[in-house]
Amino acid sequence: MTNNFFDLPTVPILGSPSLSGQSLSEQINIFENRVQKWILEPCEALLAAENPDWDFAVLTILNAIPEMIAQYRGCNGDKLDLYGQGFEYIFGKEPDFIPNHLYGKLRSAIAHTAQTGEGITVTRERQNLAWPIDYNQGLYTVVINVPEWYSKTSERLADYIEELRDIEDSDKDELRVAFSKRIVRHN
């Protein structure tokens, strides 16, 4: 029998104040389980079909990850700031216009219109995540290779979970406090 949504153990959902009664270790386990089952595994199933037409569905699933990871890491700011900080955590520092462009033309466009905006090209034909960037008549076109986007996002989520679990490193205490505070906060 396969594991599905209804087979998951009954535990508080993310954002539930009842998670405050759980140990940090259990909070991390719950977070990891939900991210794996509800975000990463569906993306892996779609990508395994090797159908580039399904890449948009993968982007839709991954759409909120930069903003989410920034919130869990304790970053502050408006949604654009959070998206930019999360984008930097996942993909590294890029010129500000890249996450700004992606926030409006990818993140918000998918969330509000179920499609990407102008200047977003989704293809498996080019290497890298969102680069190179073409410039044509005042419009940036950011090229996204979705399998690579997924790979980097998945890798950095795993890194983040390991950072949380690294209790030997007291430099990570602030990160763990921010995580625990966010996991019990209802939006």
# chains A, B, ... in the order shown; residues from 1 in each chain; ligands from 1
>>> residues_around(residues="segment 68-80 of chain A", least_positions_apart="5", cutoff="10 Å", atoms="only C-alpha atoms", output="list in words")
Asn63, Gln85, Gly86, Phe87, Glu88, Tyr89, Ile90, Pro99, Asn100, Leu102, Tyr103, Gly104, Arg107, Ser108, Arg156, Leu157, Tyr160, Leu164, Glu174, Leu175, Arg176, Val177, Ala178, Phe179, Ser180, Lys181, Arg182 and Ile183 of chain A
>>> write_last_selection(atoms="N, CA, C and O atoms", output="compact mmCIF listing (two decimals), in the first residue's frame")
# COMPACT_ATOMS: atom_id res chain seq x y z
N ASN A 63 6.34 27.19 -6.58
CA ASN A 63 6.19 28.64 -6.68
C ASN A 63 6.41 29.40 -5.38
O ASN A 63 7.01 30.46 -5.36
N GLN A 85 14.95 37.24 -0.76
CA GLN A 85 15.85 36.62 0.22
C GLN A 85 15.83 35.09 0.10
O GLN A 85 16.88 34.45 0.20
N GLY A 86 14.64 34.53 -0.12
CA GLY A 86 14.55 33.08 -0.32
C GLY A 86 15.19 32.65 -1.62
O GLY A 86 15.87 31.61 -1.68
N PHE A 87 15.00 33.44 -2.66
CA PHE A 87 15.62 33.15 -3.96
C PHE A 87 17.14 33.13 -3.81
O PHE A 87 17.80 32.22 -4.30
N GLU A 88 17.69 34.10 -3.08
CA GLU A 88 19.13 34.15 -2.87
C GLU A 88 19.61 32.93 -2.08
O GLU A 88 20.66 32.37 -2.38
N TYR A 89 18.84 32.52 -1.07
CA TYR A 89 19.22 31.34 -0.29
C TYR A 89 19.27 30.10 -1.19
O TYR A 89 20.18 29.28 -1.09
N ILE A 90 18.31 29.98 -2.08
CA ILE A 90 18.24 28.78 -2.93
C ILE A 90 19.24 28.85 -4.08
O ILE A 90 19.98 27.90 -4.33
N PRO A 99 15.37 38.33 -9.22
CA PRO A 99 14.25 37.94 -8.35
C PRO A 99 13.07 38.90 -8.45
O PRO A 99 11.92 38.48 -8.33
N ASN A 100 13.32 40.18 -8.69
CA ASN A 100 12.21 41.13 -8.86
C ASN A 100 11.36 40.75 -10.07
O ASN A 100 10.13 40.75 -10.01
N LEU A 102 11.21 37.76 -11.50
CA LEU A 102 10.58 36.48 -11.23
C LEU A 102 9.42 36.61 -10.26
O LEU A 102 8.42 35.89 -10.39
N TYR A 103 9.53 37.52 -9.30
CA TYR A 103 8.43 37.71 -8.36
C TYR A 103 7.15 38.11 -9.09
O TYR A 103 6.09 37.53 -8.87
N GLY A 104 7.26 39.06 -9.98
CA GLY A 104 6.08 39.54 -10.70
C GLY A 104 5.64 38.64 -11.83
O GLY A 104 4.45 38.36 -12.00
N ARG A 107 6.23 34.14 -9.88
CA ARG A 107 5.55 33.84 -8.63
C ARG A 107 4.13 34.41 -8.61
O ARG A 107 3.16 33.70 -8.41
N SER A 108 3.98 35.71 -8.81
CA SER A 108 2.65 36.32 -8.74
C SER A 108 1.78 35.94 -9.93
O SER A 108 0.58 35.73 -9.79
N ARG A 156 18.58 22.66 -1.63
CA ARG A 156 18.66 23.71 -0.60
C ARG A 156 17.65 23.48 0.53
O ARG A 156 17.93 23.82 1.68
N LEU A 157 16.50 22.88 0.24
CA LEU A 157 15.57 22.50 1.31
C LEU A 157 16.23 21.46 2.23
O LEU A 157 16.12 21.54 3.44
N TYR A 160 18.76 23.20 4.37
CA TYR A 160 18.09 23.96 5.43
C TYR A 160 17.69 23.03 6.58
O TYR A 160 17.92 23.34 7.76
N LEU A 164 19.01 23.08 10.51
CA LEU A 164 18.15 23.06 11.70
C LEU A 164 18.53 21.95 12.66
O LEU A 164 18.48 22.11 13.88
N GLU A 174 19.71 30.88 16.42
CA GLU A 174 18.79 31.90 15.95
C GLU A 174 17.92 31.36 14.80
O GLU A 174 16.71 31.63 14.72
N LEU A 175 18.52 30.57 13.94
CA LEU A 175 17.80 29.94 12.83
C LEU A 175 16.72 28.99 13.36
O LEU A 175 15.58 28.99 12.88
N ARG A 176 17.07 28.19 14.38
CA ARG A 176 16.12 27.25 14.96
C ARG A 176 14.98 27.97 15.68
O ARG A 176 13.82 27.57 15.58
N VAL A 177 15.30 29.06 16.36
CA VAL A 177 14.26 29.84 17.04
C VAL A 177 13.29 30.42 16.01
O VAL A 177 12.07 30.36 16.19
N ALA A 178 13.83 30.98 14.93
CA ALA A 178 12.97 31.55 13.87
C ALA A 178 12.09 30.46 13.26
O ALA A 178 10.90 30.68 13.03
N PHE A 179 12.66 29.29 13.02
CA PHE A 179 11.90 28.17 12.45
C PHE A 179 10.75 27.78 13.38
O PHE A 179 9.60 27.67 12.96
N SER A 180 11.07 27.58 14.65
CA SER A 180 10.06 27.14 15.61
C SER A 180 8.96 28.19 15.77
O SER A 180 7.77 27.85 15.84
N LYS A 181 9.35 29.44 15.77
CA LYS A 181 8.38 30.53 15.88
C LYS A 181 7.44 30.53 14.66
O LYS A 181 6.23 30.72 14.78
N ARG A 182 8.01 30.29 13.48
CA ARG A 182 7.21 30.32 12.25
C ARG A 182 6.32 29.09 12.10
O ARG A 182 5.19 29.20 11.64
N ILE A 183 6.80 27.95 12.52
CA ILE A 183 6.03 26.73 12.31
C ILE A 183 4.75 26.71 13.15
O ILE A 183 3.78 26.04 12.80
>>> select_by_dssp(residues="segment 19-150 of chain A", states="strand (DSSP E)", output="PDB file with C-alpha atoms, in the first residue's frame")
ATOM      1  CA  ILE A 120       9.530  33.989 -18.698  1.00  0.00           C
ATOM      2  CA  THR A 121      10.617  31.110 -20.902  1.00  0.00           C
ATOM      3  CA  VAL A 122      10.249  27.569 -19.577  1.00  0.00           C
ATOM      4  CA  ILE A 133      19.090  36.418 -19.656  1.00  0.00           C
ATOM      5  CA  ASP A 134      18.061  37.851 -22.986  1.00  0.00           C
ATOM      6  CA  TYR A 135      17.133  41.485 -23.365  1.00  0.00           C
ATOM      7  CA  ASN A 136      14.797  42.491 -26.164  1.00  0.00           C
ATOM      8  CA  LEU A 139      11.928  43.285 -21.641  1.00  0.00           C
ATOM      9  CA  TYR A 140      14.090  40.770 -19.813  1.00  0.00           C
ATOM     10  CA  THR A 141      13.452  37.158 -20.657  1.00  0.00           C
ATOM     11  CA  VAL A 142      14.453  34.778 -17.901  1.00  0.00           C
ATOM     12  CA  VAL A 143      14.961  31.210 -19.053  1.00  0.00           C
ATOM     13  CA  ILE A 144      13.992  28.506 -16.553  1.00  0.00           C
TER      14      ILE A 144
END
>>> closest_residue(among="A:Glu41, A:Glu125, A:Glu67, A:Glu32", to="Glu162 of chain A", atoms="only C-alpha atoms")
A:Glu32
>>> closest_residue(among="A:Arg165, A:Ser23, A:Phe91, A:Asn33", to="Ser151 of chain A", atoms="only C-alpha atoms")
A:Phe91
>>> select_by_dssp(residues="chain A", states="alpha helix (DSSP H)", output="ChimeraX atom specification")
/A:24-35,41-48,55-62,65-72,79-91,97-102,109-113,146-165,173-183
>>> atom_distance(atom1="atom CA of Phe56 of chain A", atom2="atom CA of Arg126 of chain A")
16.0 Å
>>> residues_around(residues="Asn51 of chain A", least_positions_apart="6", cutoff="12 Å", atoms="only C-alpha atoms", output="list in words")
Glu44, Ala45, Ala57, Val58, Thr123, Arg124, Val146 and Pro147 of chain A
>>> write_last_selection(atoms="N, CA and C atoms", output="PDB file, in the first residue's frame")
ATOM      1  N   GLU A  44       8.721  15.227  -8.185  1.00  0.00           N
ATOM      2  CA  GLU A  44       9.504  14.115  -8.715  1.00  0.00           C
ATOM      3  C   GLU A  44       8.663  13.237  -9.642  1.00  0.00           C
ATOM      4  N   ALA A  45       7.416  12.986  -9.265  1.00  0.00           N
ATOM      5  CA  ALA A  45       6.535  12.157 -10.105  1.00  0.00           C
ATOM      6  C   ALA A  45       6.277  12.836 -11.452  1.00  0.00           C
ATOM      7  N   ALA A  57       3.414  22.578 -14.127  1.00  0.00           N
ATOM      8  CA  ALA A  57       2.826  22.077 -12.880  1.00  0.00           C
ATOM      9  C   ALA A  57       3.887  22.021 -11.778  1.00  0.00           C
ATOM     10  N   VAL A  58       5.099  21.632 -12.135  1.00  0.00           N
ATOM     11  CA  VAL A  58       6.192  21.596 -11.164  1.00  0.00           C
ATOM     12  C   VAL A  58       6.495  23.011 -10.669  1.00  0.00           C
ATOM     13  N   THR A 123      11.884  26.061 -20.511  1.00  0.00           N
ATOM     14  CA  THR A 123      12.409  25.136 -21.516  1.00  0.00           C
ATOM     15  C   THR A 123      13.444  24.226 -20.883  1.00  0.00           C
ATOM     16  N   ARG A 124      13.579  23.056 -21.437  1.00  0.00           N
ATOM     17  CA  ARG A 124      14.647  22.136 -21.023  1.00  0.00           C
ATOM     18  C   ARG A 124      15.823  22.216 -21.994  1.00  0.00           C
ATOM     19  N   VAL A 146      13.251  23.761 -15.710  1.00  0.00           N
ATOM     20  CA  VAL A 146      12.515  23.306 -14.530  1.00  0.00           C
ATOM     21  C   VAL A 146      13.175  22.135 -13.808  1.00  0.00           C
ATOM     22  N   PRO A 147      13.687  21.103 -14.490  1.00  0.00           N
ATOM     23  CA  PRO A 147      14.359  20.046 -13.729  1.00  0.00           C
ATOM     24  C   PRO A 147      15.540  20.582 -12.900  1.00  0.00           C
TER      25      PRO A 147
END
>>> atom_distance(atom1="atom CA of Cys43 of chain A", atom2="atom CA of Thr60 of chain A")
9.6 Å
>>> atom_distance(atom1="atom CA of Lys37 of chain A", atom2="atom CA of Leu62 of chain A")
13.1 Å
